[in-house]
Amino acid sequence: MSDAPDQNGGFNAERKMQFLFQLRQKGITDKRVLEAMEKVDRGAFVRGHFAARAYEDMPLPISSGQTISQPSVVGLMTQALGVQPRDTVLEVGTGSGYQAAILSHLARRIYTVDRHRNLTREAELAFTREGLVNITVITGDGSFGLPDQGPFDRILVTAAAEDPPGPLLNQLKPGGVMVVPVGQSDAVQSLIKVTRTDAGFDYDEIMPVRFVPLMEGVARE
């Protein structure tokens with residue numbers, strides 16, 4: 001990825017500096033997370049007339065009625081997840097692929113699942129363009145996780161459930177962490193960090209958020 005300015009005003013050196021500055025202002029201090037977010041050009045995951053706003057700290061619409069989360073929320077969720085270099089991570093809700101791309105720079109292997117076939121197809125193309133080879137993309141019902149690939153060191157859910165989904169909790173390794181938005185889809189939700197312990201699960205509230213609802217089944221495109 002070149003730092004030279006391009007005719008579309010891409011992720012050049014000046015934009016990277018501004019981008020990282022606004023992330024730090026929002027409380028993202030983990031060096032590895034900031035480095036991963038510096039490596040991933042959000043513009044590669046935003047299409048159409050919203051591409052010009054790719055480097056602003058705001059959510060943007062993508063196809064299938066979904067959104068790409070604002071960078072500060074992506075960063076805070078990633079920071080809370082505490083991904084380690086040898087971890088295997090499950091992401092539920094591929095969306096644009098931006099979050100999985102960041103995770104790919106932090107973990108050994110990423111599995112990402114989405115119910116929208118056109119989103120997984122577009123994300124796979126983006127990962128190929130960006131040279132990301134440690135991400136496996138699956139079209140399916142993410143609310144049930146991927147039991148054949150688990151258990152996982154980390155699970156990140158990018159859609160809101162009324163409660164942390166039981167199948168996902170069961171696929172979390174002892175000592176593992178899941179970050180998930182919890183709450184009604186028509187209200188402000190809470191981002192929750194769930195840690196699996198020998199005694200059960202510990203829950204920590206991180207911040208209020210607003211995500212699309214977690215849906216069961218595979219979408220009809």
# chains A, B, ... in the order shown; residues from 1 in each chain; ligands from 1
$ select_by_dssp --residues "segment 100-179 of chain A" --states "strand (DSSP E)" --output "PyMOL selection string"
chain A and resi 109-114+135-139+152-157+172-179
$ residues_around --residues "segment 78-83 of chain A" --least-positions-apart "5" --cutoff "7 Å" --atoms "only C-alpha atoms" --output "ChimeraX atom specification"
/A:30,33,106-107,154,177-179
$ residues_around --residues "segment 201-211 of chain A" --least-positions-apart "6" --cutoff "9 Å" --atoms "only C-alpha atoms" --output "ChimeraX atom specification"
/A:67,69,73,76-77,80,158-160,169,181-182,185-195
$ atom_distance --atom1 "atom CA of Arg86 of chain A" --atom2 "atom CA of Phe152 of chain A"
11.2 Å
$ residues_around --residues "Val46 of chain A" --least-positions-apart "4" --cutoff "10 Å" --atoms "only C-alpha atoms" --output "PDB file with all heavy atoms, in the first residue's frame"
ATOM      1  N   ASP A  41      -6.406  -0.076   4.982  1.00  0.00           N
ATOM      2  CA  ASP A  41      -7.026   1.080   4.341  1.00  0.00           C
ATOM      3  C   ASP A  41      -8.547   0.897   4.348  1.00  0.00           C
ATOM      4  O   ASP A  41      -9.076   0.058   3.619  1.00  0.00           O
ATOM      5  CB  ASP A  41      -6.496   1.191   2.912  1.00  0.00           C
ATOM      6  CG  ASP A  41      -7.063   2.382   2.152  1.00  0.00           C
ATOM      7  OD1 ASP A  41      -7.895   3.115   2.728  1.00  0.00           O
ATOM      8  OD2 ASP A  41      -6.664   2.579   1.000  1.00  0.00           O
ATOM      9  N   ARG A  42      -9.243   1.681   5.176  1.00  0.00           N
ATOM     10  CA  ARG A  42     -10.703   1.564   5.236  1.00  0.00           C
ATOM     11  C   ARG A  42     -11.346   1.851   3.876  1.00  0.00           C
ATOM     12  O   ARG A  42     -12.402   1.316   3.550  1.00  0.00           O
ATOM     13  CB  ARG A  42     -11.260   2.506   6.301  1.00  0.00           C
ATOM     14  CG  ARG A  42     -12.756   2.285   6.627  1.00  0.00           C
ATOM     15  CD  ARG A  42     -13.168   3.180   7.778  1.00  0.00           C
ATOM     16  NE  ARG A  42     -14.544   2.926   8.218  1.00  0.00           N
ATOM     17  CZ  ARG A  42     -15.501   3.845   8.222  1.00  0.00           C
ATOM     18  NH1 ARG A  42     -15.259   5.061   7.793  1.00  0.00           N
ATOM     19  NH2 ARG A  42     -16.710   3.552   8.667  1.00  0.00           N
ATOM     20  N   PHE A  50     -19.985   6.852  -1.041  1.00  0.00           N
ATOM     21  CA  PHE A  50     -19.530   7.019   0.343  1.00  0.00           C
ATOM     22  C   PHE A  50     -18.020   6.850   0.482  1.00  0.00           C
ATOM     23  O   PHE A  50     -17.457   7.082   1.554  1.00  0.00           O
ATOM     24  CB  PHE A  50     -20.239   6.023   1.263  1.00  0.00           C
ATOM     25  CG  PHE A  50     -21.697   6.317   1.451  1.00  0.00           C
ATOM     26  CD1 PHE A  50     -22.663   5.562   0.801  1.00  0.00           C
ATOM     27  CD2 PHE A  50     -22.114   7.364   2.255  1.00  0.00           C
ATOM     28  CE1 PHE A  50     -24.009   5.828   0.959  1.00  0.00           C
ATOM     29  CE2 PHE A  50     -23.457   7.647   2.424  1.00  0.00           C
ATOM     30  CZ  PHE A  50     -24.414   6.878   1.768  1.00  0.00           C
ATOM     31  N   ALA A  51     -17.344   6.452  -0.596  1.00  0.00           N
ATOM     32  CA  ALA A  51     -15.904   6.200  -0.539  1.00  0.00           C
ATOM     33  C   ALA A  51     -15.134   7.439  -0.085  1.00  0.00           C
ATOM     34  O   ALA A  51     -14.120   7.334   0.611  1.00  0.00           O
ATOM     35  CB  ALA A  51     -15.396   5.724  -1.900  1.00  0.00           C
ATOM     36  N   ALA A  52     -15.610   8.627  -0.448  1.00  0.00           N
ATOM     37  CA  ALA A  52     -14.925   9.870  -0.075  1.00  0.00           C
ATOM     38  C   ALA A  52     -14.940  10.103   1.435  1.00  0.00           C
ATOM     39  O   ALA A  52     -14.146  10.898   1.946  1.00  0.00           O
ATOM     40  CB  ALA A  52     -15.571  11.051  -0.795  1.00  0.00           C
ATOM     41  N   ARG A  53     -15.831   9.410   2.142  1.00  0.00           N
ATOM     42  CA  ARG A  53     -15.945   9.609   3.595  1.00  0.00           C
ATOM     43  C   ARG A  53     -15.327   8.451   4.383  1.00  0.00           C
ATOM     44  O   ARG A  53     -15.537   8.334   5.588  1.00  0.00           O
ATOM     45  CB  ARG A  53     -17.417   9.777   3.980  1.00  0.00           C
ATOM     46  CG  ARG A  53     -18.156  10.777   3.103  1.00  0.00           C
ATOM     47  CD  ARG A  53     -19.483  11.187   3.648  1.00  0.00           C
ATOM     48  NE  ARG A  53     -19.330  12.115   4.772  1.00  0.00           N
ATOM     49  CZ  ARG A  53     -20.353  12.748   5.342  1.00  0.00           C
ATOM     50  NH1 ARG A  53     -21.583  12.561   4.905  1.00  0.00           N
ATOM     51  NH2 ARG A  53     -20.151  13.572   6.351  1.00  0.00           N
ATOM     52  N   ALA A  54     -14.548   7.634   3.696  1.00  0.00           N
ATOM     53  CA  ALA A  54     -13.995   6.422   4.312  1.00  0.00           C
ATOM     54  C   ALA A  54     -13.100   6.716   5.504  1.00  0.00           C
ATOM     55  O   ALA A  54     -12.964   5.882   6.398  1.00  0.00           O
ATOM     56  CB  ALA A  54     -13.228   5.609   3.272  1.00  0.00           C
ATOM     57  N   TYR A  55     -12.487   7.888   5.552  1.00  0.00           N
ATOM     58  CA  TYR A  55     -11.524   8.175   6.611  1.00  0.00           C
ATOM     59  C   TYR A  55     -12.100   9.065   7.705  1.00  0.00           C
ATOM     60  O   TYR A  55     -11.375   9.553   8.561  1.00  0.00           O
ATOM     61  CB  TYR A  55     -10.251   8.777   5.988  1.00  0.00           C
ATOM     62  CG  TYR A  55      -9.780   7.916   4.848  1.00  0.00           C
ATOM     63  CD1 TYR A  55      -9.936   8.333   3.534  1.00  0.00           C
ATOM     64  CD2 TYR A  55      -9.271   6.640   5.081  1.00  0.00           C
ATOM     65  CE1 TYR A  55      -9.558   7.514   2.485  1.00  0.00           C
ATOM     66  CE2 TYR A  55      -8.908   5.811   4.039  1.00  0.00           C
ATOM     67  CZ  TYR A  55      -9.052   6.252   2.738  1.00  0.00           C
ATOM     68  OH  TYR A  55      -8.687   5.422   1.708  1.00  0.00           O
ATOM     69  N   LEU A  60     -20.923   3.907   7.917  1.00  0.00           N
ATOM     70  CA  LEU A  60     -21.354   4.155   6.544  1.00  0.00           C
ATOM     71  C   LEU A  60     -22.168   2.974   6.048  1.00  0.00           C
ATOM     72  O   LEU A  60     -21.893   1.829   6.404  1.00  0.00           O
ATOM     73  CB  LEU A  60     -20.144   4.361   5.625  1.00  0.00           C
ATOM     74  CG  LEU A  60     -19.275   5.593   5.902  1.00  0.00           C
ATOM     75  CD1 LEU A  60     -17.987   5.526   5.101  1.00  0.00           C
ATOM     76  CD2 LEU A  60     -20.038   6.877   5.613  1.00  0.00           C
ATOM     77  N   PRO A  61     -23.178   3.221   5.213  1.00  0.00           N
ATOM     78  CA  PRO A  61     -23.974   2.109   4.678  1.00  0.00           C
ATOM     79  C   PRO A  61     -23.198   1.295   3.656  1.00  0.00           C
ATOM     80  O   PRO A  61     -22.378   1.826   2.899  1.00  0.00           O
ATOM     81  CB  PRO A  61     -25.174   2.810   4.029  1.00  0.00           C
ATOM     82  CG  PRO A  61     -24.779   4.221   3.830  1.00  0.00           C
ATOM     83  CD  PRO A  61     -23.701   4.537   4.807  1.00  0.00           C
ATOM     84  N   ILE A  62     -23.424  -0.016   3.675  1.00  0.00           N
ATOM     85  CA  ILE A  62     -22.912  -0.916   2.654  1.00  0.00           C
ATOM     86  C   ILE A  62     -24.112  -1.678   2.095  1.00  0.00           C
ATOM     87  O   ILE A  62     -25.248  -1.400   2.471  1.00  0.00           O
ATOM     88  CB  ILE A  62     -21.816  -1.863   3.200  1.00  0.00           C
ATOM     89  CG1 ILE A  62     -22.357  -2.703   4.371  1.00  0.00           C
ATOM     90  CG2 ILE A  62     -20.580  -1.086   3.637  1.00  0.00           C
ATOM     91  CD1 ILE A  62     -21.385  -3.766   4.869  1.00  0.00           C
ATOM     92  N   THR A  67     -24.056  -1.985   7.630  1.00  0.00           N
ATOM     93  CA  THR A  67     -23.176  -0.828   7.762  1.00  0.00           C
ATOM     94  C   THR A  67     -21.746  -1.270   8.038  1.00  0.00           C
ATOM     95  O   THR A  67     -21.509  -2.376   8.535  1.00  0.00           O
ATOM     96  CB  THR A  67     -23.616   0.089   8.924  1.00  0.00           C
ATOM     97  OG1 THR A  67     -23.629  -0.673  10.147  1.00  0.00           O
ATOM     98  CG2 THR A  67     -24.988   0.679   8.686  1.00  0.00           C
ATOM     99  N   ILE A  68     -20.805  -0.388   7.710  1.00  0.00           N
ATOM    100  CA  ILE A  68     -19.426  -0.538   8.171  1.00  0.00           C
ATOM    101  C   ILE A  68     -19.304   0.376   9.389  1.00  0.00           C
ATOM    102  O   ILE A  68     -19.634   1.561   9.327  1.00  0.00           O
ATOM    103  CB  ILE A  68     -18.403  -0.179   7.062  1.00  0.00           C
ATOM    104  CG1 ILE A  68     -16.952  -0.272   7.591  1.00  0.00           C
ATOM    105  CG2 ILE A  68     -18.676   1.176   6.440  1.00  0.00           C
ATOM    106  CD1 ILE A  68     -15.896  -0.123   6.500  1.00  0.00           C
ATOM    107  N   SER A  96     -18.498  -5.530   5.620  1.00  0.00           N
ATOM    108  CA  SER A  96     -17.584  -5.096   4.558  1.00  0.00           C
ATOM    109  C   SER A  96     -16.276  -5.878   4.545  1.00  0.00           C
ATOM    110  O   SER A  96     -15.561  -5.882   3.547  1.00  0.00           O
ATOM    111  CB  SER A  96     -17.264  -3.614   4.747  1.00  0.00           C
ATOM    112  OG  SER A  96     -16.465  -3.444   5.912  1.00  0.00           O
ATOM    113  N   GLY A  97     -15.935  -6.497   5.679  1.00  0.00           N
ATOM    114  CA  GLY A  97     -14.651  -7.181   5.819  1.00  0.00           C
ATOM    115  C   GLY A  97     -13.599  -6.355   6.531  1.00  0.00           C
ATOM    116  O   GLY A  97     -12.512  -6.853   6.834  1.00  0.00           O
ATOM    117  N   TYR A  98     -13.912  -5.094   6.828  1.00  0.00           N
ATOM    118  CA  TYR A  98     -12.923  -4.193   7.437  1.00  0.00           C
ATOM    119  C   TYR A  98     -12.438  -4.694   8.795  1.00  0.00           C
ATOM    120  O   TYR A  98     -11.237  -4.721   9.070  1.00  0.00           O
ATOM    121  CB  TYR A  98     -13.537  -2.800   7.555  1.00  0.00           C
ATOM    122  CG  TYR A  98     -12.658  -1.761   8.221  1.00  0.00           C
ATOM    123  CD1 TYR A  98     -11.416  -1.430   7.690  1.00  0.00           C
ATOM    124  CD2 TYR A  98     -13.085  -1.095   9.368  1.00  0.00           C
ATOM    125  CE1 TYR A  98     -10.618  -0.462   8.294  1.00  0.00           C
ATOM    126  CE2 TYR A  98     -12.299  -0.121   9.973  1.00  0.00           C
ATOM    127  CZ  TYR A  98     -11.068   0.185   9.429  1.00  0.00           C
ATOM    128  OH  TYR A  98     -10.276   1.142  10.033  1.00  0.00           O
TER     129      TYR A  98
END
$ closest_atom_pairs --of "segment 147-215 of chain A" --to "segment 108-132 of chain A" --cutoff "12 Å" --atoms "only C-alpha atoms" --output "Markdown table"
| residue | atom | partner | partner_atom | distance |
| --- | --- | --- | --- | --- |
| A:Pro147 | CA | A:Tyr111 | CA | 11.5 |
| A:Asp148 | CA | A:Tyr111 | CA | 11.4 |
| A:Gln149 | CA | A:Tyr111 | CA | 8.4 |
| A:Gly150 | CA | A:Tyr111 | CA | 9.8 |
| A:Pro151 | CA | A:Tyr111 | CA | 11.6 |
| A:Phe152 | CA | A:Tyr111 | CA | 9.6 |
| A:Asp153 | CA | A:Arg109 | CA | 10.3 |
| A:Arg154 | CA | A:Ile110 | CA | 9.6 |
| A:Ile155 | CA | A:Tyr111 | CA | 9.5 |
| A:Leu156 | CA | A:Thr112 | CA | 9.3 |
| A:Val157 | CA | A:Thr112 | CA | 9.8 |
| A:Thr158 | CA | A:Asp114 | CA | 10.0 |
| A:Ala159 | CA | A:Asp114 | CA | 10.4 |
| A:Leu214 | CA | A:Arg115 | CA | 9.8 |
| A:Met215 | CA | A:Arg115 | CA | 8.2 |
$ write_last_selection --atoms "N, CA, C and O atoms" --output "CSV table (one decimal), in the first residue's frame"
chain,number,residue,atom,x,y,z
A,147,PRO,N,-19.1,-24.5,15.1
A,147,PRO,CA,-18.7,-25.6,16.0
A,147,PRO,C,-17.6,-26.5,15.5
A,147,PRO,O,-16.8,-27.0,16.2
A,148,ASP,N,-17.6,-26.7,14.1
A,148,ASP,CA,-16.6,-27.6,13.6
A,148,ASP,C,-15.2,-27.0,13.6
A,148,ASP,O,-14.2,-27.7,13.5
A,149,GLN,N,-15.1,-25.6,13.7
A,149,GLN,CA,-13.8,-25.0,13.7
A,149,GLN,C,-13.4,-24.5,15.2
A,149,GLN,O,-12.2,-24.2,15.4
A,150,GLY,N,-14.3,-24.6,16.1
A,150,GLY,CA,-14.0,-24.1,17.5
A,150,GLY,C,-13.3,-25.2,18.3
A,150,GLY,O,-13.1,-26.3,17.8
A,151,PRO,N,-13.0,-24.9,19.5
A,151,PRO,CA,-13.3,-23.6,20.2
A,151,PRO,C,-12.4,-22.5,19.8
A,151,PRO,O,-11.3,-22.8,19.2
A,152,PHE,N,-12.7,-21.3,20.1
A,152,PHE,CA,-12.0,-20.1,19.7
A,152,PHE,C,-11.4,-19.4,20.9
A,152,PHE,O,-12.0,-19.4,22.0
A,153,ASP,N,-10.2,-18.8,20.6
A,153,ASP,CA,-9.6,-18.0,21.7
A,153,ASP,C,-10.4,-16.6,21.9
A,153,ASP,O,-10.5,-16.1,23.0
A,154,ARG,N,-10.9,-16.1,20.8
A,154,ARG,CA,-11.6,-14.8,20.8
A,154,ARG,C,-12.8,-14.9,19.8
A,154,ARG,O,-12.7,-15.5,18.8
A,155,ILE,N,-13.9,-14.3,20.2
A,155,ILE,CA,-15.1,-14.2,19.4
A,155,ILE,C,-15.5,-12.8,19.4
A,155,ILE,O,-15.7,-12.2,20.4
A,156,LEU,N,-15.8,-12.2,18.2
A,156,LEU,CA,-16.2,-10.9,18.0
A,156,LEU,C,-17.5,-10.9,17.3
A,156,LEU,O,-17.6,-11.5,16.2
A,157,VAL,N,-18.6,-10.3,17.8
A,157,VAL,CA,-19.9,-10.3,17.2
A,157,VAL,C,-20.2,-8.8,16.8
A,157,VAL,O,-20.1,-7.9,17.7
A,158,THR,N,-20.5,-8.6,15.5
A,158,THR,CA,-20.7,-7.2,15.0
A,158,THR,C,-22.2,-7.0,14.7
A,158,THR,O,-22.5,-6.1,13.9
A,159,ALA,N,-23.1,-7.7,15.4
A,159,ALA,CA,-24.5,-7.4,15.4
A,159,ALA,C,-25.1,-7.7,16.8
A,159,ALA,O,-24.5,-8.5,17.5
A,214,LEU,N,-28.7,-9.1,15.3
A,214,LEU,CA,-28.2,-10.4,14.9
A,214,LEU,C,-29.4,-11.2,14.5
A,214,LEU,O,-30.3,-11.4,15.2
A,215,MET,N,-29.3,-11.7,13.3
A,215,MET,CA,-30.4,-12.5,12.7
A,215,MET,C,-30.1,-13.9,12.5
A,215,MET,O,-28.9,-14.2,12.1
$ select_by_dssp --residues "segment 1-207 of chain A" --states "helix (DSSP H, G or I)" --output "JSON, numbers by chain"
{"A": [13, 14, 15, 16, 17, 18, 19, 20, 21, 22, 23, 24, 25, 31, 32, 33, 34, 35, 36, 37, 38, 39, 42, 43, 44, 45, 48, 49, 50, 51, 52, 53, 63, 64, 65, 71, 72, 73, 74, 75, 76, 77, 78, 79, 80, 81, 98, 99, 100, 101, 102, 103, 104, 117, 118, 119, 120, 121, 122, 123, 124, 125, 126, 127, 128, 129, 130, 142, 143, 144, 166, 167, 168, 169, 170]}
